[in-house]
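S.K.: Below is the file run.pdb, with PDB, C-alpha atoms.
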```pdb
ATOM      1  CA  MET T   1      27.085  21.328  20.416
ATOM      2  CA  ARG T   2      24.732  20.720  17.525
ATOM      3  CA  TYR T   3      23.108  17.385  16.736
ATOM      4  CA  PHE T   4      21.056  16.234  13.781
ATOM      5  CA  ILE T   5      18.184  13.781  14.140
ATOM      6  CA  TRP T   6      17.249  11.775  11.055
ATOM      7  CA  PHE T   7      13.745  10.348  11.322
ATOM      8  CA  SER T   8      10.559   9.374   9.521
ATOM      9  CA  TYR T   9       6.878   9.606  10.351
ATOM     10  CA  ASP T  10       3.380   8.688   9.320
ATOM     11  CA  GLY T  11       1.602  12.050   9.303
ATOM     12  CA  THR T  12      -1.945  10.673   9.364
ATOM     13  CA  ARG T  13      -2.837  11.784  12.885
ATOM     14  CA  TYR T  14      -0.673  14.910  13.051
ATOM     15  CA  HIS T  15      -1.461  18.542  12.324
ATOM     16  CA  GLY T  16       1.704  18.807  10.264
ATOM     17  CA  TRP T  17       5.293  19.188  11.389
ATOM     18  CA  GLN T  18       5.269  22.578  13.101
ATOM     19  CA  THR T  19       4.052  23.006  16.671
ATOM     20  CA  GLN T  20       0.459  24.276  16.820
ATOM     21  CA  PRO T  21      -1.443  25.684  19.813
ATOM     22  CA  ASN T  22      -4.429  23.349  19.424
ATOM     23  CA  GLY T  23      -3.188  20.186  17.776
ATOM     24  CA  ILE T  24      -0.636  17.410  18.078
ATOM     25  CA  THR T  25       2.350  17.790  15.730
ATOM     26  CA  VAL T  26       5.507  15.853  14.934
ATOM     27  CA  GLN T  27       7.711  18.677  16.237
ATOM     28  CA  SER T  28       5.889  18.816  19.567
ATOM     29  CA  GLU T  29       6.212  15.047  20.039
ATOM     30  CA  LEU T  30       9.915  15.090  19.220
ATOM     31  CA  GLU T  31      10.581  18.005  21.569
ATOM     32  CA  ARG T  32       8.573  16.367  24.354
ATOM     33  CA  CYS T  33      10.571  13.154  24.183
ATOM     34  CA  LEU T  34      13.947  14.862  23.817
ATOM     35  CA  SER T  35      13.232  17.131  26.786
ATOM     36  CA  THR T  36      12.265  14.122  28.895
ATOM     37  CA  LEU T  37      15.373  12.124  28.022
ATOM     38  CA  LEU T  38      17.822  15.024  28.268
ATOM     39  CA  ARG T  39      16.195  16.439  31.424
ATOM     40  CA  GLN T  40      16.013  19.993  30.073
ATOM     41  CA  PRO T  41      13.845  21.943  27.615
ATOM     42  CA  VAL T  42      14.907  21.126  24.062
ATOM     43  CA  SER T  43      13.692  22.826  20.900
ATOM     44  CA  VAL T  44      14.273  21.377  17.450
ATOM     45  CA  THR T  45      14.502  23.044  14.047
ATOM     46  CA  GLY T  46      13.246  20.966  11.139
ATOM     47  CA  ALA T  47      14.371  20.852   7.526
ATOM     48  CA  GLY T  48      10.978  22.246   6.535
ATOM     49  CA  ARG T  49       7.268  22.084   7.202
ATOM     50  CA  THR T  50       4.889  19.376   6.123
ATOM     51  CA  ASP T  51       1.161  19.984   6.126
ATOM     52  CA  THR T  52      -1.496  18.107   8.073
ATOM     53  CA  GLY T  53      -1.600  14.466   7.010
ATOM     54  CA  VAL T  54       1.625  14.538   4.962
ATOM     55  CA  HIS T  55       4.251  11.861   5.652
ATOM     56  CA  ALA T  56       8.055  11.794   5.643
ATOM     57  CA  ARG T  57      10.344   8.879   4.850
ATOM     58  CA  GLN T  58      13.373  11.017   5.599
ATOM     59  CA  MET T  59      13.246  14.188   7.664
ATOM     60  CA  ALA T  60      16.021  16.021   9.478
ATOM     61  CA  ALA T  61      16.008  18.347  12.468
ATOM     62  CA  HIS T  62      18.714  19.810  14.671
ATOM     63  CA  PHE T  63      18.985  20.718  18.334
ATOM     64  CA  ASP T  64      21.694  22.334  20.445
ATOM     65  CA  ILE T  65      22.920  21.190  23.851
ATOM     66  CA  ASP T  66      25.977  21.907  26.001
ATOM     67  CA  ALA T  67      26.752  18.224  26.499
ATOM     68  CA  LEU T  68      24.921  15.063  25.501
ATOM     69  CA  PRO T  69      24.560  12.865  28.606
ATOM     70  CA  MET T  70      24.616   9.646  26.570
ATOM     71  CA  SER T  71      25.911   8.340  23.270
ATOM     72  CA  GLU T  72      24.158   9.165  20.024
ATOM     73  CA  HIS T  73      23.326   5.468  19.657
ATOM     74  CA  ASP T  74      21.731   5.320  23.102
ATOM     75  CA  LEU T  75      19.734   8.480  22.481
ATOM     76  CA  THR T  76      18.439   7.028  19.215
ATOM     77  CA  HIS T  77      17.377   3.841  20.997
ATOM     78  CA  LYS T  78      15.700   5.655  23.886
ATOM     79  CA  LEU T  79      13.898   8.104  21.588
ATOM     80  CA  ASN T  80      12.417   5.210  19.648
ATOM     81  CA  GLY T  81      11.238   3.682  22.898
ATOM     82  CA  LEU T  82       9.515   6.881  24.004
ATOM     83  CA  LEU T  83       8.151   8.255  20.746
ATOM     84  CA  PRO T  84       4.775   7.120  19.364
ATOM     85  CA  GLN T  85       4.839   4.196  16.949
ATOM     86  CA  ASP T  86       4.239   6.490  13.971
ATOM     87  CA  ILE T  87       7.544   8.364  14.438
ATOM     88  CA  GLY T  88      10.843   6.516  14.018
ATOM     89  CA  VAL T  89      14.379   7.838  14.518
ATOM     90  CA  ALA T  90      17.053   6.418  12.206
ATOM     91  CA  ARG T  91      20.021   8.071  13.902
ATOM     92  CA  VAL T  92      21.303  11.003  15.941
ATOM     93  CA  GLU T  93      24.657  12.462  14.949
ATOM     94  CA  ARG T  94      26.984  15.274  15.983
ATOM     95  CA  VAL T  95      27.426  17.865  13.214
ATOM     96  CA  ALA T  96      29.318  21.111  12.695
ATOM     97  CA  ASP T  97      27.827  23.967  14.693
ATOM     98  CA  GLU T  98      27.104  25.968  11.542
ATOM     99  CA  LEU T  99      25.093  23.198   9.853
ATOM    100  CA  HIS T 100      21.420  24.162   9.894
ATOM    101  CA  ALA T 101      18.617  21.654   9.290
ATOM    102  CA  ARG T 102      16.591  24.128   7.255
ATOM    103  CA  PHE T 103      18.979  26.642   5.722
ATOM    104  CA  SER T 104      21.816  24.223   4.904
ATOM    105  CA  ALA T 105      19.544  21.909   2.914
ATOM    106  CA  VAL T 106      20.225  22.174  -0.821
ATOM    107  CA  ALA T 107      17.376  20.004  -2.126
ATOM    108  CA  ARG T 108      14.160  18.343  -1.024
ATOM    109  CA  THR T 109      12.380  15.544  -2.863
ATOM    110  CA  TYR T 110       8.685  14.665  -2.592
ATOM    111  CA  TYR T 111       6.749  11.710  -4.015
ATOM    112  CA  TYR T 112       3.008  11.709  -4.646
ATOM    113  CA  TYR T 113       1.447   8.256  -5.093
ATOM    114  CA  ILE T 114      -1.615   7.320  -7.161
ATOM    115  CA  HIS T 115      -3.183   4.055  -8.302
ATOM    116  CA  THR T 116      -5.770   3.476 -11.004
ATOM    117  CA  SER T 117      -7.577   0.361  -9.773
ATOM    118  CA  LYS T 118      -9.067  -0.517  -6.414
ATOM    119  CA  ASN T 119      -6.402  -1.891  -4.076
ATOM    120  CA  PRO T 120      -7.146  -2.231  -0.344
ATOM    121  CA  PHE T 121      -3.417  -2.262   0.466
ATOM    122  CA  LEU T 122      -2.807   1.139  -1.129
ATOM    123  CA  ARG T 123      -5.824   3.047   0.110
ATOM    124  CA  THR T 124      -4.071   4.644   3.120
ATOM    125  CA  TYR T 125      -1.020   6.082   1.370
ATOM    126  CA  SER T 126      -2.003   6.430  -2.275
ATOM    127  CA  LEU T 127      -4.817   8.207  -4.124
ATOM    128  CA  GLU T 128      -7.208   6.069  -6.126
ATOM    129  CA  ILE T 129      -7.976   7.592  -9.526
ATOM    130  CA  HIS T 130     -11.003   6.414 -11.527
ATOM    131  CA  TYR T 131     -10.373   8.184 -14.827
ATOM    132  CA  GLN T 132      -7.893   7.761 -17.676
ATOM    133  CA  LEU T 133      -4.692   9.775 -17.505
ATOM    134  CA  ASP T 134      -2.144  10.550 -20.227
ATOM    135  CA  PHE T 135       1.104  10.159 -18.273
ATOM    136  CA  GLU T 136       3.274  11.012 -21.262
ATOM    137  CA  LEU T 137       1.510  14.345 -21.579
ATOM    138  CA  MET T 138       1.750  14.866 -17.807
ATOM    139  CA  ASN T 139       5.513  14.333 -18.031
ATOM    140  CA  GLU T 140       5.708  16.905 -20.801
ATOM    141  CA  ALA T 141       3.962  19.327 -18.452
ATOM    142  CA  GLY T 142       6.337  18.326 -15.657
ATOM    143  CA  ARG T 143       9.308  19.334 -17.804
ATOM    144  CA  ILE T 144       7.688  22.732 -18.317
ATOM    145  CA  LEU T 145       8.023  23.388 -14.573
ATOM    146  CA  MET T 146      11.792  23.570 -14.999
ATOM    147  CA  ASP T 147      11.419  26.496 -17.411
ATOM    148  CA  TYR T 148      10.190  28.688 -14.558
ATOM    149  CA  ASP T 149      11.219  29.738 -11.074
ATOM    150  CA  ASP T 150       8.158  31.619  -9.766
ATOM    151  CA  PHE T 151       5.484  29.236  -8.524
ATOM    152  CA  GLY T 152       3.016  31.586  -6.912
ATOM    153  CA  ALA T 153       0.236  29.831  -8.848
ATOM    154  CA  PHE T 154       0.766  26.749  -6.668
ATOM    155  CA  CYS T 155       1.105  28.497  -3.306
ATOM    156  CA  LYS T 156      -1.754  28.314  -0.824
ATOM    157  CA  ALA T 157      -3.579  31.637  -0.649
ATOM    158  CA  GLY T 158      -2.693  33.717   2.400
ATOM    159  CA  SER T 159       0.673  32.035   3.002
ATOM    160  CA  ASP T 160       3.189  34.267   4.771
ATOM    161  CA  VAL T 161       6.071  33.710   2.343
ATOM    162  CA  LYS T 162       8.585  36.384   1.383
ATOM    163  CA  THR T 163       9.168  34.934  -2.057
ATOM    164  CA  THR T 164       7.499  32.410  -4.343
ATOM    165  CA  ILE T 165      10.780  31.655  -6.149
ATOM    166  CA  CYS T 166      11.781  27.965  -6.201
ATOM    167  CA  HIS T 167      14.268  26.089  -8.389
ATOM    168  CA  VAL T 168      12.775  22.811  -9.580
ATOM    169  CA  THR T 169      15.368  20.327 -10.876
ATOM    170  CA  HIS T 170      13.251  17.211 -11.404
ATOM    171  CA  ALA T 171       9.546  16.619 -12.071
ATOM    172  CA  GLN T 172       8.473  13.268 -13.478
ATOM    173  CA  TRP T 173       5.861  10.514 -13.181
ATOM    174  CA  HIS T 174       7.218   6.987 -12.638
ATOM    175  CA  GLN T 175       5.267   3.761 -13.114
ATOM    176  CA  THR T 176       5.770   1.016 -10.505
ATOM    177  CA  SER T 177       3.109  -1.459 -11.685
ATOM    178  CA  PRO T 178       0.439  -1.591 -14.403
ATOM    179  CA  THR T 179      -1.867   0.429 -12.132
ATOM    180  CA  SER T 180       0.487   2.326  -9.794
ATOM    181  CA  TRP T 181       2.434   5.545 -10.306
ATOM    182  CA  TYR T 182       4.223   8.206  -8.311
ATOM    183  CA  PHE T 183       5.179  11.767  -9.137
ATOM    184  CA  GLN T 184       8.694  12.767  -8.107
ATOM    185  CA  ILE T 185       9.597  16.415  -7.721
ATOM    186  CA  THR T 186      12.863  17.900  -6.433
ATOM    187  CA  ALA T 187      13.564  21.556  -5.683
ATOM    188  CA  ASN T 188      15.682  23.673  -3.381
ATOM    189  CA  ARG T 189      12.522  24.720  -1.514
ATOM    190  CA  PHE T 190       8.745  24.330  -1.719
ATOM    191  CA  LEU T 191       5.855  26.656  -1.011
ATOM    192  CA  ARG T 192       2.986  25.727   1.268
ATOM    193  CA  ASN T 193       0.683  23.241  -0.488
ATOM    194  CA  MET T 194       2.828  23.494  -3.639
ATOM    195  CA  VAL T 195       3.319  19.819  -4.459
ATOM    196  CA  ARG T 196      -0.344  18.888  -4.050
ATOM    197  CA  ALA T 197      -1.372  21.859  -6.198
ATOM    198  CA  VAL T 198       1.166  20.927  -8.891
ATOM    199  CA  VAL T 199      -0.126  17.339  -8.913
ATOM    200  CA  GLY T 200      -3.713  18.539  -9.143
ATOM    201  CA  THR T 201      -2.852  20.727 -12.116
ATOM    202  CA  LEU T 202      -0.871  17.978 -13.862
ATOM    203  CA  ILE T 203      -3.881  15.705 -13.495
ATOM    204  CA  GLU T 204      -5.976  18.346 -15.259
ATOM    205  CA  VAL T 205      -3.490  18.064 -18.135
ATOM    206  CA  GLY T 206      -3.583  14.267 -18.009
ATOM    207  CA  ARG T 207      -7.392  14.250 -18.193
ATOM    208  CA  GLY T 208      -7.380  16.487 -21.236
ATOM    209  CA  LYS T 209      -8.952  19.398 -19.375
ATOM    210  CA  MET T 210      -5.890  21.645 -19.728
ATOM    211  CA  THR T 211      -3.457  21.994 -22.639
ATOM    212  CA  LEU T 212       0.290  22.377 -22.250
ATOM    213  CA  GLN T 213      -0.017  26.009 -23.325
ATOM    214  CA  GLU T 214      -2.701  26.589 -20.714
ATOM    215  CA  PHE T 215      -0.431  24.929 -18.146
ATOM    216  CA  ARG T 216       2.242  27.502 -19.000
ATOM    217  CA  GLN T 217      -0.310  30.286 -18.707
ATOM    218  CA  VAL T 218      -1.264  29.083 -15.215
ATOM    219  CA  ILE T 219       2.358  29.313 -14.076
ATOM    220  CA  GLU T 220       2.922  32.685 -15.727
ATOM    221  CA  GLY T 221      -0.332  34.078 -14.344
ATOM    222  CA  GLY T 222       0.686  33.343 -10.778
ATOM    223  CA  ARG T 223      -2.907  33.003  -9.557
ATOM    224  CA  ARG T 224      -3.784  30.033  -7.354
ATOM    225  CA  THR T 225      -7.388  30.134  -8.550
ATOM    226  CA  GLN T 226      -6.287  29.237 -12.089
ATOM    227  CA  ALA T 227      -4.383  26.082 -11.087
ATOM    228  CA  GLY T 228      -5.852  22.669 -10.344
ATOM    229  CA  GLU T 229      -7.254  21.531  -7.023
ATOM    230  CA  SER T 230      -5.034  20.560  -4.134
ATOM    231  CA  MET T 231      -4.836  16.781  -3.963
ATOM    232  CA  PRO T 232      -5.337  14.862  -0.680
ATOM    233  CA  ALA T 233      -2.421  14.891   1.757
ATOM    234  CA  LYS T 234      -2.420  11.151   2.506
ATOM    235  CA  ALA T 235      -0.522  10.277  -0.714
ATOM    236  CA  LEU T 236       2.298  12.813  -0.267
ATOM    237  CA  PHE T 237       5.688  11.858   1.185
ATOM    238  CA  LEU T 238       8.794  13.908   1.854
ATOM    239  CA  GLU T 239      11.267  11.329   0.554
ATOM    240  CA  LYS T 240      14.673  12.949   0.981
ATOM    241  CA  VAL T 241      16.476  16.037   2.243
ATOM    242  CA  ALA T 242      19.935  16.644   0.797
ATOM    243  CA  TYR T 243      22.763  18.687   2.345
TER     244      TYR T 243
END
```
Could you rewrite the structure in this file as structure tokens?
M.R.:
Amino acid sequence: MRYFIWFSYDGTRYHGWQTQPNGITVQSELERCLSTLLRQPVSVTGAGRTDTGVHARQMAAHFDIDALPMSEHDLTHKLNGLLPQDIGVARVERVADELHARFSAVARTYYYYIHTSKNPFLRTYSLEIHYQLDFELMNEAGRILMDYDDFGAFCKAGSDVKTTICHVTHAQWHQTSPTSWYFQITANRFLRNMVRAVVGTLIEVGRGKMTLQEFRQVIEGGRRTQAGESMPAKALFLEKVAY
């Protein structure tokens, strides 16, 4: 039988989602606690990978087991009691055997948070920017992303991906206060480091260091070295996975 786990995590102290040989990860913590509670080795498959330091407000993973020895509600409760405080399970639910946490997902949405004045309550999960940005121009550049489907220019060099094709359906900056903004981007899939590289390049546009035509040329050129810098992980959140 297949079960989905819906959960969230603060990625600050983790080396990303995927199990690593020399670092603590969200996947390894989840598997450790599941295996303890279910009294057998349990492996989980996540909806995707998040890099070191990246957070998730909504993440999904599945695992298979012959029979669950407790109710989904009880497993949720016991997982939350055993997991570290920076990982929280919202629910566990039985799903169709063919539903796959990664391959059945049709869209993923990320938010990247920035603020433009010093705020001690935002410093952990938002990036403080000290220069003027033209958000209207950055939104024009965001709309350009939807004219393309090859985003090799925003993929971390050396990534072992078979294709750099992604279908972006939303890319927009939203203002939440006079000094706070977030960038929302939705696509069917994302490349490694893609969102932080896109944000870094949009900020180049917003600072007046890159024109909209040059932004197009970066995408069409497909070279990571031509795009903007990768922005810090602490301000990036996987907000939603849709099935």
S.K.: Run through the PyMOL selection byres ((chain T and resi 199) around 9) on the given coordinates and return the selected residues as a list in words.
M.R.: Tyr112, Phe183, Met194, Val195, Arg196, Ala197, Val198, Gly200, Thr201, Leu202, Ile203, Glu204, Gly228, Glu229, Ser230 and Met231 of chain T
S.K.: Mind telling me what the PyMOL selection byres ((chain T and resi 211-226) around 7) catches here, as a list in words?
M.R.: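 That expression, the PyMOL selection byres ((chain T and resi 211-226) around 7), corresponds here to Ala141, Phe151, Gly152, Ala153, Phe154, Cys155, Ala157, Val205, Gly208, Lys209, Met210, Ala227 and Gly228 of chain T.
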S.K.: Keeping only C-alpha atoms, write the selected residues as a CSV table (one decimal), in the coordinates of the input.
M.R.:
```csv
chain,number,residue,atom,x,y,z
T,141,ALA,CA,4.0,19.3,-18.5
T,151,PHE,CA,5.5,29.2,-8.5
T,152,GLY,CA,3.0,31.6,-6.9
T,153,ALA,CA,0.2,29.8,-8.8
T,154,PHE,CA,0.8,26.7,-6.7
T,155,CYS,CA,1.1,28.5,-3.3
T,157,ALA,CA,-3.6,31.6,-0.6
T,205,VAL,CA,-3.5,18.1,-18.1
T,208,GLY,CA,-7.4,16.5,-21.2
T,209,LYS,CA,-9.0,19.4,-19.4
T,210,MET,CA,-5.9,21.6,-19.7
T,227,ALA,CA,-4.4,26.1,-11.1
T,228,GLY,CA,-5.9,22.7,-10.3
```
S.K.: Pick the closest to Gln40 (chain T) from T:Gly158, T:Gly206, T:Pro69, T:Gly88: which is it, counting all atoms listed in the file?
M.R.: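 Checking each candidate against Gln40 (chain T), we get T:Pro69 as the closest.
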S.K.: What is the CA of Leu122 (chain T)-CA of Ser8 (chain T) distance in Å, reported with one decimal?
M.R.: 19.0 Å
S.K.: Do a neighbour search on Phe4 (chain T) at 7 Å with all atoms listed in the file, toss out local chain neighbours closer than 6 positions, and write the hits as a list in words.
M.R.: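 Listing them by chain and then by number gives Ala60, Ala61, His62, Phe63, Val92, Glu93, Arg94 and Val95 of chain T.
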S.K.: Write to file, as a PDB file, keeping the file's coordinate frame, the residues of the selection just made, with C-alpha atoms.
M.R.:
```
ATOM      1  CA  ALA T  60      16.021  16.021   9.478  1.00  0.00           C
ATOM      2  CA  ALA T  61      16.008  18.347  12.468  1.00  0.00           C
ATOM      3  CA  HIS T  62      18.714  19.810  14.671  1.00  0.00           C
ATOM      4  CA  PHE T  63      18.985  20.718  18.334  1.00  0.00           C
ATOM      5  CA  VAL T  92      21.303  11.003  15.941  1.00  0.00           C
ATOM      6  CA  GLU T  93      24.657  12.462  14.949  1.00  0.00           C
ATOM      7  CA  ARG T  94      26.984  15.274  15.983  1.00  0.00           C
ATOM      8  CA  VAL T  95      27.426  17.865  13.214  1.00  0.00           C
TER       9      VAL T  95
END
```
S.K.: Counting only C-alpha atoms, figure out which residue out of T:Leu82, T:Leu99, T:Arg49, T:Trp17 gets nearest to Arg2 (chain T).
M.R.: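 Residue with the minimum atom-to-atom distance to Arg2 (chain T): T:Leu99.
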